[in-house]
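Colleague: Pasting work_14.csv below, which is CSV, C-alpha atoms.
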```csv
chain,number,residue,atom,x,y,z
A,1,MET,CA,10.3,8.5,28.4
A,2,THR,CA,9.5,8.7,24.7
A,3,ALA,CA,7.0,5.9,25.1
A,4,ALA,CA,5.4,7.7,28.0
A,5,LEU,CA,5.1,10.9,26.0
A,6,VAL,CA,3.5,9.0,23.0
A,7,TRP,CA,1.2,7.3,25.4
A,8,SER,CA,-0.1,10.5,26.9
A,9,PHE,CA,-0.3,12.0,23.5
A,10,ALA,CA,-2.4,9.1,22.3
A,11,THR,CA,-4.8,9.0,25.2
A,12,VAL,CA,-5.5,12.7,24.9
A,13,PRO,CA,-5.7,13.6,21.2
A,14,PRO,CA,-4.7,17.3,20.7
A,15,ALA,CA,-7.3,18.0,18.0
A,16,GLU,CA,-9.8,16.1,16.0
A,17,ASP,CA,-7.9,16.3,12.8
A,18,ASP,CA,-4.5,15.6,14.3
A,19,ALA,CA,-5.8,12.6,16.3
A,20,PRO,CA,-5.3,10.0,13.5
A,21,ARG,CA,-1.7,11.0,13.1
A,22,ALA,CA,-1.2,10.8,16.9
A,23,TRP,CA,-2.8,7.4,16.9
A,24,PHE,CA,-0.5,6.3,14.1
A,25,ALA,CA,2.6,7.6,16.1
A,26,ALA,CA,1.5,5.6,19.1
A,27,LEU,CA,1.1,2.5,17.0
A,28,ALA,CA,4.6,3.1,15.5
A,29,GLU,CA,5.9,3.1,19.1
A,30,GLY,CA,4.3,-0.3,19.7
A,31,SER,CA,1.2,0.6,21.5
A,32,ARG,CA,-2.1,-1.2,20.6
A,33,GLU,CA,-4.3,1.2,22.5
A,34,PRO,CA,-5.3,3.5,19.6
A,35,LEU,CA,-6.7,0.6,17.5
A,36,GLY,CA,-10.2,1.0,19.1
A,37,ALA,CA,-10.3,4.7,18.3
A,38,ILE,CA,-9.0,4.1,14.7
A,39,TYR,CA,-11.7,1.4,14.3
A,40,ASP,CA,-14.5,3.7,15.5
A,41,ARG,CA,-13.3,6.5,13.2
A,42,PHE,CA,-12.5,4.6,10.0
A,43,ALA,CA,-14.0,1.1,10.1
A,44,ALA,CA,-17.3,2.0,8.5
A,45,GLU,CA,-15.5,3.6,5.5
A,46,LEU,CA,-13.0,0.8,5.1
A,47,HIS,CA,-15.9,-1.8,5.3
A,48,ALA,CA,-17.9,0.1,2.7
A,49,LEU,CA,-15.0,0.5,0.3
A,50,ALA,CA,-14.2,-3.3,0.6
A,51,LEU,CA,-17.9,-4.1,0.3
A,52,TRP,CA,-18.3,-2.0,-2.9
A,53,ARG,CA,-15.1,-3.4,-4.4
A,54,THR,CA,-15.6,-7.1,-3.6
A,55,GLY,CA,-19.4,-7.3,-3.6
A,56,SER,CA,-19.3,-9.6,-0.6
A,57,ARG,CA,-20.1,-8.7,3.0
A,58,GLU,CA,-18.0,-11.7,4.2
A,59,ASP,CA,-15.0,-10.5,2.2
A,60,ALA,CA,-15.5,-7.0,3.4
A,61,ASP,CA,-15.4,-8.2,7.0
A,62,ASP,CA,-12.1,-10.1,6.3
A,63,VAL,CA,-10.6,-7.0,4.5
A,64,VAL,CA,-11.3,-4.8,7.6
A,65,GLN,CA,-9.7,-7.4,9.8
A,66,GLU,CA,-6.7,-7.7,7.5
A,67,VAL,CA,-6.2,-4.0,7.5
A,68,PHE,CA,-6.2,-3.8,11.3
A,69,VAL,CA,-3.9,-6.8,11.7
A,70,ARG,CA,-1.4,-5.1,9.2
A,71,LEU,CA,-1.8,-1.8,11.0
A,72,ALA,CA,-0.9,-3.5,14.3
A,73,THR,CA,2.1,-5.2,12.9
A,74,THR,CA,3.6,-2.5,10.6
A,75,GLY,CA,5.5,-0.8,13.4
A,76,ALA,CA,7.8,2.2,13.0
A,77,ASP,CA,6.9,2.9,9.4
A,78,LEU,CA,3.5,4.2,10.5
A,79,ALA,CA,5.2,7.3,12.0
A,80,ARG,CA,5.9,8.5,8.5
A,81,VAL,CA,2.3,8.4,7.3
A,82,ARG,CA,1.0,11.9,6.7
A,83,GLU,CA,-2.5,11.1,5.6
A,84,PRO,CA,-3.8,8.2,7.8
A,85,ARG,CA,-7.3,8.1,6.1
A,86,ALA,CA,-5.8,7.8,2.6
A,87,TYR,CA,-3.3,5.3,3.9
A,88,LEU,CA,-6.1,3.1,5.4
A,89,LEU,CA,-8.3,3.4,2.3
A,90,ALA,CA,-5.3,2.4,0.1
A,91,MET,CA,-4.7,-0.6,2.4
A,92,ALA,CA,-8.4,-1.6,2.2
A,93,HIS,CA,-8.3,-1.2,-1.6
A,94,ARG,CA,-5.2,-3.5,-2.0
A,95,ALA,CA,-6.6,-6.1,0.4
A,96,SER,CA,-9.9,-6.0,-1.5
A,97,VAL,CA,-8.2,-6.5,-4.8
A,98,ASP,CA,-6.2,-9.4,-3.4
A,99,ARG,CA,-9.3,-11.0,-2.0
A,100,LYS,CA,-11.1,-10.7,-5.3
A,101,ARG,CA,-8.2,-12.6,-7.0
A,102,ARG,CA,-8.6,-15.6,-4.7
A,103,PRO,CA,-11.0,-18.4,-5.9
A,104,ARG,CA,-14.4,-18.0,-4.3
A,105,THR,CA,-15.6,-20.8,-2.1
A,106,ALA,CA,-19.0,-19.3,-1.1
A,107,PRO,CA,-21.6,-18.2,-3.6
A,108,LEU,CA,-22.2,-14.4,-4.0
A,109,GLU,CA,-24.9,-13.2,-1.7
A,110,ASP,CA,-27.4,-10.4,-2.3
A,111,VAL,CA,-25.6,-7.4,-1.0
A,112,ALA,CA,-27.2,-4.3,0.4
A,113,PHE,CA,-24.8,-1.6,-0.7
A,114,VAL,CA,-27.0,1.3,0.4
A,115,GLU,CA,-29.8,1.7,2.9
A,116,ALA,CA,-32.5,4.3,3.6
A,117,PRO,CA,-31.5,6.8,6.2
A,118,PRO,CA,-33.1,6.5,9.6
A,119,PHE,CA,-36.6,7.9,9.9
A,120,GLU,CA,-37.1,7.6,6.1
A,121,PRO,CA,-38.3,4.0,5.8
A,122,GLU,CA,-40.3,5.0,2.7
A,123,ARG,CA,-36.9,5.1,0.8
A,124,SER,CA,-36.2,1.4,1.6
A,125,ALA,CA,-37.5,0.4,-1.8
A,126,ASP,CA,-35.2,3.0,-3.5
A,127,ALA,CA,-32.3,1.6,-1.5
A,128,ALA,CA,-33.1,-2.0,-2.5
A,129,ARG,CA,-33.4,-1.0,-6.2
A,130,ALA,CA,-30.1,0.9,-6.0
A,131,SER,CA,-28.4,-2.0,-4.4
A,132,SER,CA,-29.6,-4.4,-7.0
A,133,ALA,CA,-28.4,-2.1,-9.8
A,134,LEU,CA,-25.1,-1.6,-8.1
A,135,SER,CA,-24.5,-5.3,-8.0
A,136,GLU,CA,-24.5,-5.2,-11.8
A,137,LEU,CA,-21.5,-2.8,-11.9
A,138,PRO,CA,-17.9,-4.0,-12.1
A,139,GLY,CA,-16.2,-3.7,-8.7
A,140,ALA,CA,-13.7,-1.1,-9.9
A,141,GLN,CA,-16.5,1.2,-11.0
A,142,ARG,CA,-18.6,0.6,-7.9
A,143,GLU,CA,-15.5,1.4,-5.7
A,144,VAL,CA,-14.9,4.7,-7.5
A,145,VAL,CA,-18.6,5.7,-7.2
A,146,TRP,CA,-18.4,5.1,-3.5
A,147,LEU,CA,-15.1,6.9,-3.1
A,148,HIS,CA,-16.4,10.0,-4.9
A,149,HIS,CA,-20.0,10.1,-3.9
A,150,PHE,CA,-19.9,8.9,-0.3
A,151,ALA,CA,-16.3,9.4,0.8
A,152,GLY,CA,-16.1,12.8,-1.0
A,153,LEU,CA,-12.7,12.1,-2.5
A,154,ALA,CA,-11.5,14.1,-5.6
A,155,PHE,CA,-10.6,12.0,-8.6
A,156,ARG,CA,-6.9,12.8,-8.0
A,157,GLU,CA,-7.2,11.4,-4.5
A,158,ILE,CA,-9.1,8.4,-5.8
A,159,GLY,CA,-6.3,7.8,-8.2
A,160,ASP,CA,-3.8,7.9,-5.3
A,161,VAL,CA,-5.9,5.4,-3.2
A,162,THR,CA,-6.6,3.0,-6.1
A,163,GLY,CA,-3.3,3.4,-7.9
A,164,VAL,CA,-4.8,4.5,-11.2
A,165,PRO,CA,-4.4,7.8,-13.1
A,166,THR,CA,-6.9,10.6,-12.3
A,167,PHE,CA,-8.4,10.3,-15.8
A,168,THR,CA,-9.1,6.6,-15.3
A,169,ALA,CA,-10.7,7.3,-11.9
A,170,ALA,CA,-13.0,10.0,-13.5
A,171,SER,CA,-13.8,7.7,-16.4
A,172,ARG,CA,-14.8,4.9,-14.1
A,173,TYR,CA,-17.0,7.2,-12.2
A,174,ARG,CA,-18.8,8.5,-15.3
A,175,LEU,CA,-19.2,5.0,-16.7
A,176,GLY,CA,-20.4,3.6,-13.4
A,177,LEU,CA,-23.0,6.4,-12.8
A,178,ALA,CA,-24.2,6.1,-16.4
A,179,LYS,CA,-24.7,2.4,-16.1
A,180,LEU,CA,-26.4,2.8,-12.7
A,181,ARG,CA,-28.8,5.4,-14.2
A,182,ALA,CA,-29.5,3.1,-17.2
A,183,LEU,CA,-30.3,0.2,-14.9
A,184,LEU,CA,-32.6,2.3,-12.7
A,185,GLY,CA,-34.3,3.6,-15.8
A,186,GLU,CA,-33.3,7.2,-15.1
A,187,PRO,CA,-32.4,9.8,-17.8
A,188,ARG,CA,-28.7,10.4,-18.2
B,1,MET,CA,-24.7,19.6,-10.6
B,2,SER,CA,-26.9,16.7,-11.8
B,3,ARG,CA,-28.7,14.6,-9.3
B,4,SER,CA,-27.2,11.2,-8.5
B,5,PRO,CA,-29.4,8.1,-8.1
B,6,LEU,CA,-27.6,7.6,-4.8
B,7,ASP,CA,-28.6,10.9,-3.3
B,8,GLY,CA,-30.4,10.6,0.0
B,9,LEU,CA,-29.2,7.0,0.5
B,10,ARG,CA,-26.3,6.0,2.8
B,11,PRO,CA,-23.9,3.1,2.6
B,12,THR,CA,-24.6,0.1,4.8
B,13,ARG,CA,-22.4,-0.2,7.9
B,14,PRO,CA,-20.5,-3.2,9.3
B,15,ALA,CA,-22.2,-5.5,11.8
B,16,PRO,CA,-21.5,-4.3,15.4
B,17,GLU,CA,-19.9,-7.6,16.4
B,18,LEU,CA,-17.2,-7.1,13.8
B,19,ARG,CA,-15.5,-4.6,16.1
B,20,GLU,CA,-14.6,-7.1,18.7
B,21,ARG,CA,-13.5,-9.7,16.2
B,22,VAL,CA,-11.2,-7.3,14.3
B,23,LEU,CA,-9.7,-5.7,17.5
B,24,ARG,CA,-9.1,-9.1,19.1
B,25,ALA,CA,-7.2,-10.3,15.9
B,26,ALA,CA,-5.2,-7.1,15.7
B,27,VAL,CA,-4.2,-7.0,19.3
B,28,ALA,CA,-3.2,-10.7,19.1
B,29,ALA,CA,-1.1,-10.3,15.9
B,30,GLU,CA,2.6,-10.5,16.5
B,31,VAL,CA,5.0,-8.0,15.0
B,32,PRO,CA,7.4,-9.9,12.8
B,33,ALA,CA,10.8,-9.7,14.4
B,34,HIS,CA,13.7,-7.9,12.7
B,35,TRP,CA,16.2,-10.3,11.0
B,36,VAL,CA,18.9,-9.3,13.5
B,37,ASP,CA,16.7,-10.1,16.4
B,38,ARG,CA,15.7,-13.4,14.8
B,39,LEU,CA,19.4,-14.2,14.3
B,40,TRP,CA,20.0,-13.4,17.9
B,41,THR,CA,17.2,-15.5,19.3
B,42,SER,CA,17.2,-18.5,16.9
B,43,ALA,CA,19.8,-21.2,17.6
B,44,ARG,CA,19.3,-22.6,14.1
B,45,LEU,CA,19.9,-19.3,12.4
B,46,ARG,CA,22.9,-18.7,14.6
B,47,LEU,CA,24.3,-22.1,13.6
B,48,ALA,CA,23.7,-21.5,9.9
B,49,ALA,CA,25.5,-18.1,10.2
B,50,VAL,CA,28.5,-19.7,11.9
B,51,ILE,CA,28.6,-22.5,9.3
B,52,ALA,CA,28.4,-20.0,6.4
B,53,ILE,CA,31.2,-17.9,7.8
B,54,ALA,CA,33.4,-21.0,8.4
B,55,VAL,CA,32.8,-22.2,4.9
B,56,LEU,CA,33.8,-18.8,3.5
B,57,LEU,CA,37.0,-18.8,5.6
B,58,LEU,CA,37.9,-22.4,4.6
B,59,ALA,CA,37.3,-21.5,0.9
B,60,HIS,CA,39.5,-18.4,1.3
B,61,ALA,CA,42.3,-20.5,2.9
B,62,ALA,CA,42.0,-23.2,0.2
B,63,ILE,CA,42.6,-20.8,-2.7
B,64,GLY,CA,45.7,-19.5,-0.9
B,65,GLY,CA,44.3,-16.2,0.3
B,66,ALA,CA,44.3,-13.0,-1.5
B,67,PRO,CA,47.3,-12.2,-3.7
B,68,ALA,CA,50.0,-10.1,-2.0
B,69,PRO,CA,50.0,-6.5,-3.0
B,70,VAL,CA,52.7,-5.6,-5.6
B,71,SER,CA,54.4,-2.3,-5.1
B,72,VAL,CA,55.4,-0.4,-8.2
B,73,GLU,CA,58.3,2.0,-8.1
B,74,LEU,CA,57.3,5.1,-10.1
B,75,PRO,CA,60.1,7.5,-11.2
B,76,PRO,CA,59.9,10.9,-9.4
B,77,PRO,CA,57.8,13.5,-11.3
B,78,VAL,CA,59.7,16.0,-13.4
B,79,VAL,CA,59.1,19.6,-12.2
B,80,VAL,CA,59.1,22.3,-14.8
B,81,GLU,CA,58.7,25.8,-13.7
B,82,GLY,CA,57.2,24.6,-10.4
B,83,ILE,CA,54.6,22.3,-12.1
B,84,ALA,CA,55.0,18.6,-11.4
B,85,ILE,CA,54.7,16.6,-14.7
B,86,PRO,CA,53.7,12.9,-14.0
B,87,PRO,CA,55.9,10.3,-15.6
B,88,ALA,CA,55.0,9.4,-19.1
B,89,THR,CA,53.1,6.2,-19.7
B,90,PRO,CA,54.2,4.1,-22.6
B,91,ALA,CA,52.6,5.3,-25.9
B,92,PRO,CA,50.0,2.9,-27.3
B,93,GLU,CA,51.0,1.0,-30.4
B,94,PRO,CA,49.9,3.0,-33.5
B,95,ALA,CA,47.0,1.4,-35.3
B,96,ILE,CA,47.9,0.4,-38.9
B,97,THR,CA,46.0,2.4,-41.5
B,98,ALA,CA,44.4,0.9,-44.6
B,99,SER,CA,46.8,2.7,-46.9
B,100,ALA,CA,49.8,1.5,-44.8
B,101,ALA,CA,48.5,-2.1,-45.0
B,102,ARG,CA,48.2,-1.8,-48.7
B,103,GLU,CA,51.8,-0.6,-49.1
B,104,LEU,CA,53.0,-3.4,-46.9
B,105,ALA,CA,51.1,-6.0,-49.0
B,106,LEU,CA,52.6,-4.5,-52.2
B,107,GLU,CA,56.1,-4.5,-50.7
B,108,ALA,CA,55.7,-8.1,-49.7
B,109,ALA,CA,54.5,-9.0,-53.2
B,110,ARG,CA,57.6,-7.5,-54.7
```
Can I see the file as structure tokens?

Modeller:
Amino acid sequence: MTAALVWSFATVPPAEDDAPRAWFAALAEGSREPLGAIYDRFAAELHALALWRTGSREDADDVVQEVFVRLATTGADLARVREPRAYLLAMAHRASVDRKRRPRTAPLEDVAFVEAPPFEPERSADAARASSALSELPGAQREVVWLHHFAGLAFREIGDVTGVPTFTAASRYRLGLAKLRALLGEPR
Amino acid sequence: MSRSPLDGLRPTRPAPELRERVLRAAVAAEVPAHWVDRLWTSARLRLAAVIAIAVLLLAHAAIGGAPAPVSVELPPPVVVEGIAIPPATPAPEPAITASAARELALEAAR
């Protein structure tokens, strides 16, 4: 009965913002059906966070896979998650940090952290320069820059996701952006 | 607000083929069983639990079991003006003071 209710709830999300919580509730009941919807909604962000933290596309792919495997096997605890997006970002952060600690077998590749938007190919050179400059930043600073600039998180939320005080998150952002500007030859 | 060097750019996205790989791995992942379920389904764990309980029982028997409870007869409480006063416990030995010790030492010297 309960499983049937959760199933119907999961297949027809009540509202866009409530949908992730409904998906998590269904996962907590043992259903694997919402994984596709969760991937479509969050995978790009999780991949970007992992890519900016680890500096490796291969590691970022592995992090996303690890997050989804953990999500599928966590079970009933997922029913208590109130902010699925923050929960997933924190999982991706931890998995990225763990991956960075492991000894690297493959050499670091040239990573494209950013790209030009569609229909603006003239900005491709800017994107390449920015990616090159970003690769010079420490992963912790790069991660905070992404979380603030692209994911739109406040420094307090970044602190929650990455497990550092708000001040540290803000400081990493300022330092990262200053270094990025210096590398790109822009005025501070 | 100052302009960021990242304005107008967007983060790169994962390869489309990652979706199938990730979802296949997540769907195939097995939920780790609860320890009670593992105990119930694993013959080895059941045997280990039985052996552990048997060893505990044997050890308990070998040391003669728990000491028998000793009952202590307490005198009935004294009731004064309707208030029950519990039986007095023996007063602790008074601690010897420094001056008393000095007097005792002098007495012994005499």

Colleague: Enumerate as a PyMOL selection string the residues belonging to chain B that approach chain A to within 8 Å, with only C-alpha atoms taken into account.

Modeller: chain B and resi 4-6+8-14+18-19+21-23+25-27+29-32

Colleague: Report, in Å to a single decimal, how far apart CA of Ser96 (chain A) and CA of Ala125 (chain A) are.

Modeller: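 So the two atoms, CA of Ala125 (chain A) and CA of Ser96 (chain A), lie 28.3 Å apart.
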
Colleague: Kindly give the distance, in Å, that separates CA of Val97 (chain A) and CA of Thr168 (chain A), rounded to a single decimal.

Modeller: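 Value for the CA of Val97 (chain A)-CA of Thr168 (chain A) distance: 16.8 Å.
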
Colleague: Neighbours of Tyr87 (chain A) within 12 Å (all atoms listed in the file; same-chain residues fewer than 4 positions away dropped), as a PyMOL selection string?

Modeller: chain A and resi 20-21+24+42+46+67+70-71+77-83+91-94+157-158+160-163

Colleague: Which neighbours of region 48-50 of chain B fall inside 12 Å, counting all atoms listed in the file, when residues of the same chain fewer than 6 positions from it are skipped, and could you give them as number ranges by chain?

Modeller: B: 36, 38-40, 42, 56-57

Colleague: Rounded to one decimal, what separation in Å do you get between CA of Val164 (chain A) and CA of Glu136 (chain A)?

Modeller: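 Result for CA of Val164 (chain A) versus CA of Glu136 (chain A): 22.0 Å, one decimal.
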
Colleague: When you count only C-alpha atoms, which of these residues is closest to Ala22 (chain A): A:Ala128, A:Ala37, A:Ala50, A:Leu183?

Modeller: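 Among the listed residues, A:Ala37 lies closest to Ala22 (chain A).
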